[in-house]
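Next comes protein-v5.tsv, with TSV, C-alpha atoms.
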```tsv
chain	number	residue	atom	x	y	z
F	1	MET	CA	-47.84	14.76	-26.58
F	2	GLY	CA	-46.66	12.62	-23.68
F	3	PRO	CA	-43.59	13.02	-21.45
F	4	THR	CA	-41.57	10.38	-23.34
F	5	GLU	CA	-42.10	12.09	-26.68
F	6	ILE	CA	-41.25	15.47	-25.19
F	7	TRP	CA	-37.94	14.18	-23.84
F	8	LEU	CA	-37.10	12.47	-27.12
F	9	ARG	CA	-37.81	15.63	-29.10
F	10	LEU	CA	-35.73	17.69	-26.66
F	11	SER	CA	-32.79	15.35	-27.29
F	12	GLY	CA	-32.67	16.71	-30.84
F	13	VAL	CA	-32.39	20.34	-29.69
F	14	SER	CA	-28.88	21.77	-29.32
F	15	GLY	CA	-27.67	24.93	-27.65
F	16	ILE	CA	-29.57	24.55	-24.36
F	17	SER	CA	-28.11	23.77	-20.97
F	18	LEU	CA	-29.01	20.74	-18.91
F	19	THR	CA	-30.86	22.94	-16.42
F	20	GLN	CA	-32.86	24.60	-19.20
F	21	ARG	CA	-33.64	21.23	-20.74
F	22	ILE	CA	-35.09	20.00	-17.44
F	23	GLN	CA	-37.10	23.18	-16.93
F	24	VAL	CA	-38.52	23.13	-20.46
F	25	ALA	CA	-39.45	19.45	-20.14
F	26	ALA	CA	-41.27	20.14	-16.85
F	27	SER	CA	-43.14	23.09	-18.35
F	28	LEU	CA	-44.23	21.27	-21.51
F	29	ILE	CA	-45.25	18.15	-19.59
F	30	ARG	CA	-47.33	20.29	-17.24
F	31	LEU	CA	-49.05	22.04	-20.17
F	32	GLY	CA	-49.51	18.77	-22.04
F	33	MET	CA	-48.72	20.50	-25.33
F	34	ALA	CA	-45.71	21.82	-27.23
F	35	GLY	CA	-46.38	24.20	-30.09
F	36	LYS	CA	-44.43	27.17	-31.41
F	37	HIS	CA	-45.97	29.49	-28.84
F	38	GLU	CA	-45.07	27.28	-25.86
F	39	LEU	CA	-41.54	26.77	-27.16
F	40	ALA	CA	-41.06	30.50	-27.69
F	41	GLU	CA	-42.32	31.11	-24.14
F	42	ALA	CA	-39.67	28.64	-22.98
F	43	GLY	CA	-36.98	30.75	-24.66
F	44	PHE	CA	-36.38	28.62	-27.75
F	45	SER	CA	-35.08	30.27	-30.90
F	46	GLU	CA	-36.81	29.58	-34.21
F	47	GLU	CA	-34.10	27.04	-35.08
F	48	GLN	CA	-34.48	25.26	-31.76
F	49	SER	CA	-38.27	25.20	-32.08
F	50	ALA	CA	-37.93	23.74	-35.56
F	51	ALA	CA	-35.53	21.06	-34.29
F	52	PHE	CA	-38.07	20.10	-31.62
F	53	LEU	CA	-41.15	20.11	-33.85
F	54	ASN	CA	-39.43	18.47	-36.83
F	55	TYR	CA	-37.79	15.66	-34.88
F	56	ASN	CA	-37.38	12.73	-37.27
F	57	PRO	CA	-40.76	10.93	-37.23
F	58	VAL	CA	-39.23	7.61	-38.28
F	59	THR	CA	-36.74	7.73	-35.40
F	60	LEU	CA	-39.52	8.71	-33.03
F	61	GLU	CA	-41.73	5.84	-34.14
F	62	LYS	CA	-38.91	3.27	-33.95
F	63	THR	CA	-37.94	4.44	-30.48
F	64	LEU	CA	-41.50	4.32	-29.15
F	65	ARG	CA	-41.89	0.85	-30.64
F	66	TRP	CA	-38.64	-0.26	-28.97
F	67	LEU	CA	-39.94	1.04	-25.65
F	68	ASP	CA	-43.05	-1.12	-25.99
F	69	HIS	CA	-40.92	-4.14	-25.05
F	70	PRO	CA	-41.27	-4.96	-21.33
F	71	ASP	CA	-37.48	-5.10	-20.85
F	72	HIS	CA	-36.86	-1.73	-22.54
F	73	HIS	CA	-37.02	1.54	-20.65
F	74	LEU	CA	-36.31	5.26	-20.93
F	75	LEU	CA	-35.24	6.81	-17.63
F	76	THR	CA	-35.22	10.60	-17.51
F	77	CYS	CA	-33.42	12.71	-14.93
F	78	ASP	CA	-36.68	14.18	-13.60
F	79	SER	CA	-37.81	10.72	-12.48
F	80	ALA	CA	-37.75	9.63	-8.85
F	81	ASP	CA	-36.20	6.37	-10.09
F	82	TYR	CA	-33.14	8.14	-11.51
F	83	PRO	CA	-30.04	6.90	-9.59
F	84	LYS	CA	-29.15	9.34	-6.83
F	85	ARG	CA	-25.39	8.87	-7.19
F	86	LEU	CA	-25.47	9.62	-10.90
F	87	ARG	CA	-27.67	12.67	-10.32
F	88	GLU	CA	-24.92	14.09	-8.09
F	89	ILE	CA	-22.27	14.42	-10.82
F	90	SER	CA	-21.93	17.74	-12.65
F	91	SER	CA	-22.78	16.47	-16.14
F	92	PHE	CA	-25.32	13.73	-15.51
F	93	PRO	CA	-27.10	12.45	-18.63
F	94	PRO	CA	-30.60	13.89	-19.10
F	95	MET	CA	-31.95	10.49	-20.08
F	96	LEU	CA	-30.84	6.88	-20.29
F	97	PHE	CA	-32.02	4.05	-22.50
F	98	ILE	CA	-32.08	0.78	-20.56
F	99	ALA	CA	-32.33	-2.81	-21.71
F	100	GLY	CA	-32.92	-5.04	-18.73
F	101	ASN	CA	-33.65	-4.31	-15.09
F	102	PRO	CA	-33.68	-0.55	-14.33
F	103	GLU	CA	-33.62	-1.18	-10.58
F	104	ILE	CA	-30.03	-2.39	-10.80
F	105	LEU	CA	-28.89	1.20	-11.44
F	106	LYS	CA	-29.74	2.00	-7.83
F	107	THR	CA	-27.78	-0.90	-6.32
F	108	PRO	CA	-24.31	-0.40	-4.77
F	109	GLN	CA	-21.78	-0.77	-7.58
F	110	ILE	CA	-18.06	-1.12	-8.13
F	111	ALA	CA	-16.68	-0.28	-11.57
F	112	VAL	CA	-14.01	-2.68	-12.84
F	113	VAL	CA	-12.05	-1.36	-15.82
F	114	GLY	CA	-8.79	-2.09	-17.56
F	115	SER	CA	-6.90	-2.88	-20.71
F	116	ARG	CA	-8.56	-4.30	-23.81
F	117	LYS	CA	-5.35	-6.29	-24.41
F	118	CYS	CA	-4.89	-7.63	-20.92
F	119	SER	CA	-2.26	-10.13	-19.85
F	120	VAL	CA	-2.89	-13.53	-18.28
F	121	TYR	CA	-2.12	-11.84	-14.94
F	122	GLY	CA	-4.84	-9.24	-15.57
F	123	ARG	CA	-7.35	-11.85	-16.69
F	124	ASN	CA	-6.65	-14.03	-13.66
F	125	TRP	CA	-6.93	-11.26	-11.05
F	126	GLY	CA	-9.73	-9.43	-12.88
F	127	THR	CA	-11.82	-12.59	-12.67
F	128	TYR	CA	-11.01	-13.21	-9.03
F	129	PHE	CA	-11.68	-9.65	-7.83
F	130	SER	CA	-14.92	-9.37	-9.81
F	131	GLN	CA	-16.23	-12.68	-8.49
F	132	VAL	CA	-15.48	-11.87	-4.86
F	133	LEU	CA	-16.94	-8.36	-5.11
F	134	ALA	CA	-20.07	-9.68	-6.86
F	135	LEU	CA	-20.51	-12.38	-4.22
F	136	SER	CA	-20.18	-9.70	-1.53
F	137	GLY	CA	-23.34	-8.03	-2.82
F	138	LEU	CA	-21.88	-5.40	-5.13
F	139	THR	CA	-23.01	-4.94	-8.72
F	140	ILE	CA	-20.06	-5.02	-11.14
F	141	SER	CA	-20.19	-2.13	-13.61
F	142	SER	CA	-18.06	-1.80	-16.72
F	143	GLY	CA	-18.18	-0.85	-20.39
F	144	LEU	CA	-18.67	-4.19	-22.25
F	145	ALA	CA	-15.33	-3.67	-24.04
F	146	LEU	CA	-12.91	-6.46	-24.90
F	147	GLY	CA	-10.35	-7.39	-22.27
F	148	ILE	CA	-10.91	-6.53	-18.61
F	149	ASP	CA	-14.43	-5.15	-19.12
F	150	GLY	CA	-15.72	-8.40	-20.59
F	151	ILE	CA	-13.80	-10.45	-18.01
F	152	ALA	CA	-15.42	-8.48	-15.17
F	153	HIS	CA	-18.93	-8.92	-16.59
F	154	ARG	CA	-18.45	-12.66	-17.15
F	155	ALA	CA	-16.92	-13.21	-13.73
F	156	ALA	CA	-19.91	-11.57	-12.04
F	157	LEU	CA	-22.30	-13.74	-14.06
F	158	GLU	CA	-20.35	-16.92	-13.28
F	159	ALA	CA	-20.53	-16.08	-9.58
F	160	GLY	CA	-24.30	-15.63	-9.80
F	161	GLY	CA	-23.99	-11.89	-9.17
F	162	LYS	CA	-25.30	-8.84	-11.00
F	163	THR	CA	-23.54	-6.73	-13.60
F	164	LEU	CA	-24.29	-3.59	-15.56
F	165	ALA	CA	-22.76	-2.42	-18.86
F	166	VAL	CA	-22.59	1.20	-20.03
F	167	LEU	CA	-22.30	1.53	-23.80
F	168	GLY	CA	-20.68	4.17	-25.99
F	169	SER	CA	-23.21	3.49	-28.75
F	170	GLY	CA	-26.97	3.11	-29.06
F	171	LEU	CA	-28.53	-0.05	-27.67
F	172	CYS	CA	-29.47	-1.16	-31.19
F	173	HIS	CA	-25.79	-1.08	-32.16
F	174	LEU	CA	-24.05	-3.17	-29.51
F	175	TYR	CA	-20.27	-2.82	-29.58
F	176	PRO	CA	-18.08	-4.78	-29.80
F	177	HIS	CA	-19.92	-7.38	-31.89
F	178	GLN	CA	-18.05	-10.19	-30.12
F	179	HIS	CA	-19.95	-9.35	-26.93
F	180	LYS	CA	-23.51	-9.57	-28.25
F	181	GLY	CA	-23.89	-12.94	-26.52
F	182	LEU	CA	-22.47	-11.52	-23.30
F	183	ALA	CA	-24.88	-8.58	-23.49
F	184	LYS	CA	-27.80	-10.98	-23.78
F	185	GLU	CA	-26.57	-12.97	-20.77
F	186	ILE	CA	-26.29	-9.79	-18.69
F	187	VAL	CA	-29.93	-8.89	-19.33
F	188	GLU	CA	-31.18	-12.45	-18.81
F	189	ALA	CA	-29.37	-12.63	-15.45
F	190	GLY	CA	-31.19	-9.54	-14.13
F	191	GLY	CA	-28.56	-6.99	-15.11
F	192	ALA	CA	-28.85	-4.14	-17.59
F	193	LEU	CA	-27.33	-2.42	-20.59
F	194	ILE	CA	-27.55	1.36	-20.57
F	195	SER	CA	-26.72	4.19	-22.94
F	196	GLU	CA	-27.39	7.92	-23.12
F	197	TYR	CA	-27.16	7.80	-26.92
F	198	PRO	CA	-30.03	7.38	-29.41
F	199	LEU	CA	-30.82	3.75	-30.15
F	200	SER	CA	-29.50	3.95	-33.72
F	201	MET	CA	-26.20	5.67	-32.93
F	202	THR	CA	-23.19	3.72	-34.12
F	203	PRO	CA	-19.98	3.58	-32.02
F	204	GLN	CA	-18.11	6.89	-32.24
F	205	PRO	CA	-14.62	7.41	-30.74
F	206	GLN	CA	-15.68	10.54	-28.87
F	207	ASN	CA	-18.54	8.69	-27.16
F	208	PHE	CA	-16.40	6.35	-25.11
F	209	PRO	CA	-14.55	8.87	-22.91
F	210	ARG	CA	-17.91	10.53	-22.30
F	211	ARG	CA	-19.66	7.30	-21.32
F	212	ASN	CA	-16.91	6.70	-18.74
F	213	ARG	CA	-18.34	9.44	-16.52
F	214	ILE	CA	-21.50	7.34	-16.21
F	215	ILE	CA	-19.54	4.21	-15.25
F	216	SER	CA	-17.75	6.07	-12.46
F	217	GLY	CA	-20.77	8.19	-11.56
F	218	LEU	CA	-22.96	5.17	-10.84
F	219	SER	CA	-20.29	3.50	-8.71
F	220	LEU	CA	-19.00	3.72	-5.17
F	221	GLY	CA	-15.49	3.35	-6.56
F	222	VAL	CA	-13.42	2.30	-9.57
F	223	LEU	CA	-10.99	-0.63	-9.64
F	224	VAL	CA	-8.31	-0.43	-12.35
F	225	ILE	CA	-6.81	-3.84	-13.16
F	226	GLU	CA	-4.39	-3.07	-16.01
F	227	ALA	CA	-4.08	0.14	-18.02
F	228	ALA	CA	-1.58	1.94	-20.21
F	229	MET	CA	-0.85	5.58	-19.47
F	230	ASN	CA	-2.99	6.87	-22.35
F	231	SER	CA	-5.90	4.50	-21.84
F	232	GLY	CA	-9.60	5.11	-21.34
F	233	SER	CA	-9.36	3.32	-18.00
F	234	LEU	CA	-7.26	6.17	-16.63
F	235	VAL	CA	-9.85	8.60	-17.95
F	236	THR	CA	-12.45	6.73	-15.91
F	237	ALA	CA	-10.21	6.83	-12.82
F	238	LYS	CA	-9.63	10.58	-13.19
F	239	LEU	CA	-13.36	11.16	-13.58
F	240	ALA	CA	-13.94	9.08	-10.45
F	241	LEU	CA	-11.58	11.32	-8.48
F	242	GLU	CA	-13.38	14.42	-9.76
F	243	GLN	CA	-16.67	12.85	-8.68
F	244	ASN	CA	-15.28	12.11	-5.21
F	245	ARG	CA	-15.30	8.36	-5.77
F	246	ASP	CA	-12.71	5.94	-4.42
F	247	VAL	CA	-10.08	4.65	-6.85
F	248	TYR	CA	-8.40	1.26	-6.39
F	249	ALA	CA	-5.43	0.02	-8.39
F	250	LEU	CA	-4.05	-3.49	-8.74
F	251	PRO	CA	-0.22	-3.45	-8.83
F	252	GLY	CA	1.41	-5.36	-11.66
F	253	ALA	CA	4.76	-6.63	-12.86
F	254	LEU	CA	7.50	-4.15	-13.72
F	255	GLY	CA	8.07	-3.93	-17.45
F	256	ASN	CA	4.46	-4.69	-18.31
F	257	PRO	CA	2.96	-1.64	-20.09
F	258	GLY	CA	-0.36	-2.48	-18.47
F	259	SER	CA	1.16	-1.90	-15.04
F	260	ALA	CA	2.10	1.71	-15.79
F	261	GLY	CA	-1.41	3.08	-15.32
F	262	PRO	CA	-2.18	1.40	-11.97
F	263	HIS	CA	1.28	2.25	-10.64
F	264	TRP	CA	0.81	5.90	-11.60
F	265	LEU	CA	-2.59	5.93	-9.89
F	266	ILE	CA	-1.04	4.49	-6.73
F	267	GLN	CA	1.54	7.29	-6.80
F	268	GLN	CA	-1.34	9.76	-7.05
F	269	GLY	CA	-3.02	8.33	-3.97
F	270	ALA	CA	-5.18	5.46	-5.25
F	271	LEU	CA	-5.49	2.54	-2.84
F	272	LEU	CA	-2.99	-0.21	-3.65
F	273	THR	CA	-5.25	-3.25	-3.77
F	274	GLU	CA	-3.82	-6.72	-3.22
F	275	HIS	CA	-7.08	-8.43	-2.23
F	276	PRO	CA	-10.81	-7.69	-2.65
F	277	ASP	CA	-11.03	-7.33	1.14
F	278	SER	CA	-9.06	-4.08	0.78
F	279	ILE	CA	-11.93	-2.62	-1.22
F	280	LEU	CA	-14.63	-4.01	1.07
F	281	GLU	CA	-12.88	-2.67	4.17
F	282	GLN	CA	-12.45	0.75	2.56
F	283	LEU	CA	-16.14	0.92	1.72
F	284	ARG	CA	-17.08	-0.09	5.24
F	285	SER	CA	-14.78	2.54	6.73
F	286	ASP	CA	-16.31	5.21	4.50
F	287	LEU	CA	-19.78	4.16	5.74
F	288	LYS	CA	-20.92	4.06	2.13
F	289	TRP	CA	-22.44	0.64	2.62
F	290	LEU	CA	-22.77	-1.62	5.62
F	291	PRO	CA	-23.03	-5.40	5.41
F	292	VAL	CA	-25.29	-7.37	7.70
F	293	ALA	CA	-23.09	-8.62	10.52
F	294	GLN	CA	-22.11	-12.22	9.80
F	295	ASN	CA	-18.97	-14.19	9.19
F	296	SER	CA	-18.54	-14.12	5.44
F	297	ILE	CA	-15.53	-16.08	4.31
F	298	ILE	CA	-13.96	-15.81	0.92
F	299	TYR	CA	-12.15	-18.91	-0.25
F	300	SER	CA	-9.34	-19.02	-2.73
F	301	PRO	CA	-7.93	-22.36	-3.96
F	302	GLU	CA	-5.49	-22.69	-1.13
F	303	GLU	CA	-8.19	-21.91	1.46
F	304	GLY	CA	-11.08	-24.07	0.24
F	305	ASN	CA	-12.44	-27.32	1.57
F	306	THR	CA	-11.27	-29.39	-1.42
F	307	PRO	CA	-8.09	-31.34	-0.63
F	308	LEU	CA	-5.12	-29.61	-2.24
F	309	PRO	CA	-3.18	-31.95	-4.55
F	310	PHE	CA	0.58	-31.48	-4.83
F	311	ALA	CA	0.77	-28.43	-2.57
F	312	GLU	CA	4.55	-28.29	-3.00
F	313	VAL	CA	4.11	-27.95	-6.77
F	314	LEU	CA	1.26	-25.44	-6.63
F	315	ALA	CA	3.26	-23.26	-4.25
F	316	ASN	CA	5.86	-22.79	-6.98
F	317	VAL	CA	3.47	-21.64	-9.72
F	318	GLY	CA	3.11	-17.87	-9.65
F	319	ASP	CA	0.67	-15.28	-10.92
F	320	GLU	CA	3.04	-14.51	-13.77
F	321	VAL	CA	3.84	-17.21	-16.33
F	322	THR	CA	6.07	-19.85	-14.70
F	323	PRO	CA	7.96	-22.24	-17.03
F	324	VAL	CA	7.84	-25.96	-16.27
F	325	ASP	CA	11.59	-26.21	-15.69
F	326	VAL	CA	11.42	-23.37	-13.17
F	327	VAL	CA	8.66	-25.17	-11.25
F	328	ALA	CA	10.76	-28.36	-11.28
F	329	GLU	CA	13.84	-26.51	-10.03
F	330	ARG	CA	11.93	-24.77	-7.25
F	331	ALA	CA	10.19	-27.99	-6.16
F	332	GLY	CA	13.39	-30.05	-6.41
F	333	GLN	CA	11.75	-32.71	-8.56
F	334	PRO	CA	12.45	-34.11	-12.04
F	335	VAL	CA	10.65	-32.46	-14.97
F	336	PRO	CA	8.65	-35.59	-16.02
F	337	ALA	CA	7.17	-35.91	-12.53
F	338	ILE	CA	6.38	-32.20	-12.44
F	339	VAL	CA	4.65	-32.33	-15.84
F	340	ALA	CA	2.30	-35.07	-14.63
F	341	LYS	CA	1.46	-33.17	-11.44
F	342	LEU	CA	0.94	-29.90	-13.32
F	343	LEU	CA	-1.50	-31.66	-15.63
F	344	GLU	CA	-3.50	-32.93	-12.68
F	345	LEU	CA	-3.53	-29.47	-11.08
F	346	GLU	CA	-4.72	-28.00	-14.37
F	347	LEU	CA	-7.53	-30.52	-14.70
F	348	ALA	CA	-8.59	-29.72	-11.12
F	349	GLY	CA	-8.74	-26.01	-11.92
F	350	TRP	CA	-5.88	-24.81	-9.72
F	351	ILE	CA	-3.63	-23.61	-12.56
F	352	ALA	CA	-3.91	-22.80	-16.28
F	353	ALA	CA	-1.58	-23.67	-19.12
F	354	VAL	CA	-0.50	-20.59	-21.11
F	355	PRO	CA	2.22	-19.96	-23.69
F	356	GLY	CA	5.52	-20.37	-21.89
F	357	GLY	CA	4.31	-22.34	-18.87
F	358	TYR	CA	1.59	-22.13	-16.22
F	359	VAL	CA	-0.13	-19.48	-14.10
F	360	ARG	CA	-1.93	-19.90	-10.82
F	361	LEU	CA	-5.69	-19.37	-10.78
F	362	ARG	CA	-7.50	-17.46	-8.07
F	363	ARG	CA	-11.09	-18.51	-7.58
F	364	ALA	CA	-13.89	-17.10	-5.48
F	365	SER	CA	-16.05	-20.03	-4.44
F	366	HIS	CA	-18.27	-21.15	-1.59
F	367	VAL	CA	-18.78	-17.52	-0.62
F	368	ARG	CA	-21.63	-16.72	1.67
F	369	ARG	CA	-23.59	-13.84	0.21
F	370	THR	CA	-23.79	-10.61	2.18
F	371	ASN	CA	-26.86	-8.44	2.04
F	372	VAL	CA	-26.08	-4.79	1.47
F	373	LEU	CA	-27.71	-1.86	3.23
F	374	ILE	CA	-27.42	1.68	1.91
```

Starting from the file, give its structure as C-alpha cells.
Amino acid sequence: MGPTEIWLRLSGVSGISLTQRIQVAASLIRLGMAGKHELAEAGFSEEQSAAFLNYNPVTLEKTLRWLDHPDHHLLTCDSADYPKRLREISSFPPMLFIAGNPEILKTPQIAVVGSRKCSVYGRNWGTYFSQVLALSGLTISSGLALGIDGIAHRAALEAGGKTLAVLGSGLCHLYPHQHKGLAKEIVEAGGALISEYPLSMTPQPQNFPRRNRIISGLSLGVLVIEAAMNSGSLVTAKLALEQNRDVYALPGALGNPGSAGPHWLIQQGALLTEHPDSILEQLRSDLKWLPVAQNSIIYSPEEGNTPLPFAEVLANVGDEVTPVDVVAERAGQPVPAIVAKLLELELAGWIAAVPGGYVRLRRASHVRRTNVLI
C-alpha cells in the first residue's frame, strides 16, 4: 500500500484530528502496510479501522486513474512541496487535488474576490487591478465563481499572467458550468485548479465558505472589489485577517449594495485601494516580496503611447455610467457631435457602451514585467 493510497483511505476516516491524521499517515507509510493491527496501534477504533480498510474501491480506482494523467496531482501536507504559507494557517487542508501546475501554489499570490452580480464599475476596476497585479509578477487567486472571480481570472490570462482557482467542489465537478472553458484556459496557461474535496464531490453550499480559507491562506493579501454585507467575499476577508494577511478594499459608489462590504472593511482597517500601486507599495513595505530594482511603468489609457482621441470628451466619461447628454453638457458640445466621438472612442477601446450611457475603461498595457523574489 503506497503513500497515495494511505492518504486517500485516511480521507474517509472521521473523528481524528489533523495532527493525528498526519502522524498515522507517517507511521503507516514507514511500515509500508496498514492492517487492523497497525491501525489499532495507531489508536483507531473498530469503526475507524473499518472506514479505512473498506474505503470505496471504485472511488479509489477512479482517483488513482485520474492521478495517472501528467497534469493531475495529489499534494499532501507532509510533502516538502506543500505551500509554506498555507501550512501556516490553523486549519490547513491535509491534501489537495491539483489540475495543472503544482508549482504555482508556491508563487506570491494576491486573492481577488467580489460579488457574483458585479456592476460595470466592479467589472471595469476588477479587470484593471487584476491585469496590473498579474503583470507585476503576482499570481491572481480566486474561486472561479461568476462575477468578480471570473473577471479576475480572465484579466490575468489576458495580461499573460498566471492565475489559480480554488474550487468548492471536486475537480471532476467543475462549478459553475459556465466556467468550464475558463478552467481549461487556466490550466493551459500554466495555472492550476485546486480542491481539498474528493474528485466526485458535487458543489455543496457548506463547502464554499470553507474553501475561502485556502484562497486567503495561499495569498499575501486579499483584494475585495465589490461585496454585499452578507457575502462570501467578506468571509474571505475576515479569514484573511485571522490569518494575518493584508486586506485591501476598493471604494465604490454610495447607494450601490456592492459598496457596503468594501466600505465596512475600510472602516475596520482595510487599506482603501484606489490604484494597484497601493497594494504593491504595501507589499514592499511589509518586506513580503521584493521586486528587482527597475523602472516598471504601468500605463492606463490616458498615460499610454497611443495618441488620445477627443481628450475633452474622454475626460467627461466617468467610472460610473455617464449618459450621452451629460457628456455633451460637460464638454459643451452638441449631442450629435458627441455621439460620433463617443463611437470612435469606443471602437478604440477607451470607453464601453452600457445600458444608460458609457463608462470609462482602465487598461493595463505595455507593462514591463517585474521578477519577484521571496

Could you list, as a ChimeraX atom specification, every residue within 12 Å of Ile351 of chain F, counting only C-alpha atoms and ignoring same-chain residues fewer than 3 positions away?
/F:120,124,301-302,309-311,313-322,341-348,354,357-363

Selection near segment 98-102 of chain F, 12 Å with only C-alpha atoms, sequence-local residues under 2 positions removed, as a VMD selection string
chain F and resid 66 to 76 81 to 83 95 to 96 104 to 107 162 to 167 170 to 172 174 183 to 199

Nearest to Arg211 of chain F: which of F:Pro93, F:Gly137, F:Gly43, F:Gly356 is it, counting all atoms listed in the file?
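Among the listed residues, F:Pro93 lies closest to Arg211 of chain F.
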
Choose the residue, out of F:Leu283, F:Ile214, F:Val58, F:Leu254, that has the smallest atom-to-atom separation from Ala237 of chain F; count all atoms listed in the file.
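Result for the nearest residue to Ala237 of chain F: F:Ile214.
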
Nearest to Ala228 of chain F, chosen from F:Ser45, F:Gly255, F:Thr63, F:Arg21, with all atoms listed in the file counted in the distances:
F:Gly255

Listed atoms of segment 276-282 of chain F boxed along x, y and z, 8 Å each side, centre and edge lengths in Å, one decimal, as JSON:
```
{"center_x": -11.8, "center_y": -3.5, "center_z": 0.8, "size_x": 21.6, "size_y": 24.4, "size_z": 22.8}
```

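All protein and nucleic acid residues in the vicinity of (-0.4, 10.7, -10.3), that is within 12 Å when counting only C-alpha atoms, are Met229, Leu234, Ala237, Lys238, Leu241, Val247, Ala249, Ala260, Gly261, Pro262, His263, Trp264, Leu265, Ile266, Gln267, Gln268, Gly269 and Ala270 of chain F.
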
Give as number ranges by chain the set of residues within 12 Å of the point (-17.2, -10.4, -30.1), where distances use the file's coordinates and all atoms listed in the file.
F: 144-147, 150, 174-183

Please provide as a VMD selection string all residues within 8 Å of Cys118 of chain F, with the sequence filter that same-chain residues fewer than 5 positions apart are discarded (counting all atoms listed in the file).
chain F and resid 123 147 to 148 226 258

If you measure from atom CA of Arg30 of chain F to atom CA of Phe44 of chain F, what distance in Å do you get, rounded to one decimal?
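Those two atoms sit 17.3 Å apart.
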
Separation of atom CA of Met201 of chain F and atom CA of Lys36 of chain F, in Å?
28.2 Å

What does the distance between atom CA of Gly114 of chain F and atom CA of Ser169 of chain F come to in Å, to one decimal place?
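The value is 19.1 Å.
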
I want to know what sits within 12 Å of Ser11 of chain F, based on all atoms listed in the file, with residues of the same chain fewer than 3 positions away left out; could you give that as number ranges by chain?
F: 4-8, 14-18, 21-22, 24-25, 48, 51-53, 55-56, 59-60, 76, 93-96, 196-198

Show me, as a list in words, the residues that have an atom within 9 Å of Phe208 of chain F when counting all atoms listed in the file, minus same-chain residues fewer than 4 positions from it.
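The filter keeps Gly143, Leu167, Gly168, Ser169, Pro203, Gln204, Asn212 and Gly232 of chain F.
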
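Distance annotation: of F:Ile140, F:Leu157, F:Val132, F:Met1, the residue with the minimal separation from His275 of chain F is F:Val132; atom set is all atoms listed in the file.
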
Among listed residues F:Asn207, F:Ser119, F:Ser130, F:Ser278, nearest Gly252 of chain F (using all atoms listed in the file):
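Result for the nearest residue to Gly252 of chain F: F:Ser119.
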
For segment 326-342 of chain F in the structure I just supplied, write out N, CA and C atoms - as a PDB file, in the first residue's frame.
```
ATOM      1  N   VAL F 326     -25.230  64.004 -20.654  1.00  0.00           N
ATOM      2  CA  VAL F 326     -24.374  64.551 -19.599  1.00  0.00           C
ATOM      3  C   VAL F 326     -22.975  64.828 -20.137  1.00  0.00           C
ATOM      4  N   VAL F 327     -22.445  63.899 -20.965  1.00  0.00           N
ATOM      5  CA  VAL F 327     -21.138  64.108 -21.578  1.00  0.00           C
ATOM      6  C   VAL F 327     -21.173  65.358 -22.449  1.00  0.00           C
ATOM      7  N   ALA F 328     -22.248  65.511 -23.238  1.00  0.00           N
ATOM      8  CA  ALA F 328     -22.369  66.674 -24.122  1.00  0.00           C
ATOM      9  C   ALA F 328     -22.409  67.970 -23.318  1.00  0.00           C
ATOM     10  N   GLU F 329     -23.163  67.947 -22.225  1.00  0.00           N
ATOM     11  CA  GLU F 329     -23.272  69.151 -21.382  1.00  0.00           C
ATOM     12  C   GLU F 329     -21.931  69.503 -20.767  1.00  0.00           C
ATOM     13  N   ARG F 330     -21.229  68.493 -20.258  1.00  0.00           N
ATOM     14  CA  ARG F 330     -19.932  68.747 -19.625  1.00  0.00           C
ATOM     15  C   ARG F 330     -18.904  69.247 -20.636  1.00  0.00           C
ATOM     16  N   ALA F 331     -18.944  68.668 -21.857  1.00  0.00           N
ATOM     17  CA  ALA F 331     -17.956  69.037 -22.871  1.00  0.00           C
ATOM     18  C   ALA F 331     -18.337  70.311 -23.614  1.00  0.00           C
ATOM     19  N   GLY F 332     -19.603  70.766 -23.446  1.00  0.00           N
ATOM     20  CA  GLY F 332     -20.052  71.970 -24.129  1.00  0.00           C
ATOM     21  C   GLY F 332     -20.165  71.791 -25.621  1.00  0.00           C
ATOM     22  N   GLN F 333     -20.592  70.605 -26.054  1.00  0.00           N
ATOM     23  CA  GLN F 333     -20.722  70.313 -27.476  1.00  0.00           C
ATOM     24  C   GLN F 333     -22.094  69.721 -27.760  1.00  0.00           C
ATOM     25  N   PRO F 334     -22.574  69.857 -29.011  1.00  0.00           N
ATOM     26  CA  PRO F 334     -23.891  69.306 -29.339  1.00  0.00           C
ATOM     27  C   PRO F 334     -23.884  67.778 -29.273  1.00  0.00           C
ATOM     28  N   VAL F 335     -25.047  67.206 -28.957  1.00  0.00           N
ATOM     29  CA  VAL F 335     -25.171  65.749 -28.792  1.00  0.00           C
ATOM     30  C   VAL F 335     -24.740  64.980 -30.038  1.00  0.00           C
ATOM     31  N   PRO F 336     -25.169  65.377 -31.262  1.00  0.00           N
ATOM     32  CA  PRO F 336     -24.744  64.601 -32.446  1.00  0.00           C
ATOM     33  C   PRO F 336     -23.232  64.494 -32.580  1.00  0.00           C
ATOM     34  N   ALA F 337     -22.522  65.593 -32.305  1.00  0.00           N
ATOM     35  CA  ALA F 337     -21.063  65.558 -32.401  1.00  0.00           C
ATOM     36  C   ALA F 337     -20.470  64.647 -31.335  1.00  0.00           C
ATOM     37  N   ILE F 338     -21.065  64.689 -30.139  1.00  0.00           N
ATOM     38  CA  ILE F 338     -20.577  63.857 -29.035  1.00  0.00           C
ATOM     39  C   ILE F 338     -20.798  62.381 -29.343  1.00  0.00           C
ATOM     40  N   VAL F 339     -21.943  62.048 -29.930  1.00  0.00           N
ATOM     41  CA  VAL F 339     -22.243  60.647 -30.253  1.00  0.00           C
ATOM     42  C   VAL F 339     -21.181  60.087 -31.200  1.00  0.00           C
ATOM     43  N   ALA F 340     -20.805  60.854 -32.209  1.00  0.00           N
ATOM     44  CA  ALA F 340     -19.805  60.395 -33.170  1.00  0.00           C
ATOM     45  C   ALA F 340     -18.447  60.186 -32.486  1.00  0.00           C
ATOM     46  N   LYS F 341     -18.085  61.097 -31.609  1.00  0.00           N
ATOM     47  CA  LYS F 341     -16.799  60.983 -30.916  1.00  0.00           C
ATOM     48  C   LYS F 341     -16.801  59.825 -29.921  1.00  0.00           C
ATOM     49  N   LEU F 342     -17.932  59.627 -29.250  1.00  0.00           N
ATOM     50  CA  LEU F 342     -18.038  58.508 -28.310  1.00  0.00           C
ATOM     51  C   LEU F 342     -17.906  57.175 -29.047  1.00  0.00           C
TER      52      LEU F 342
END
```
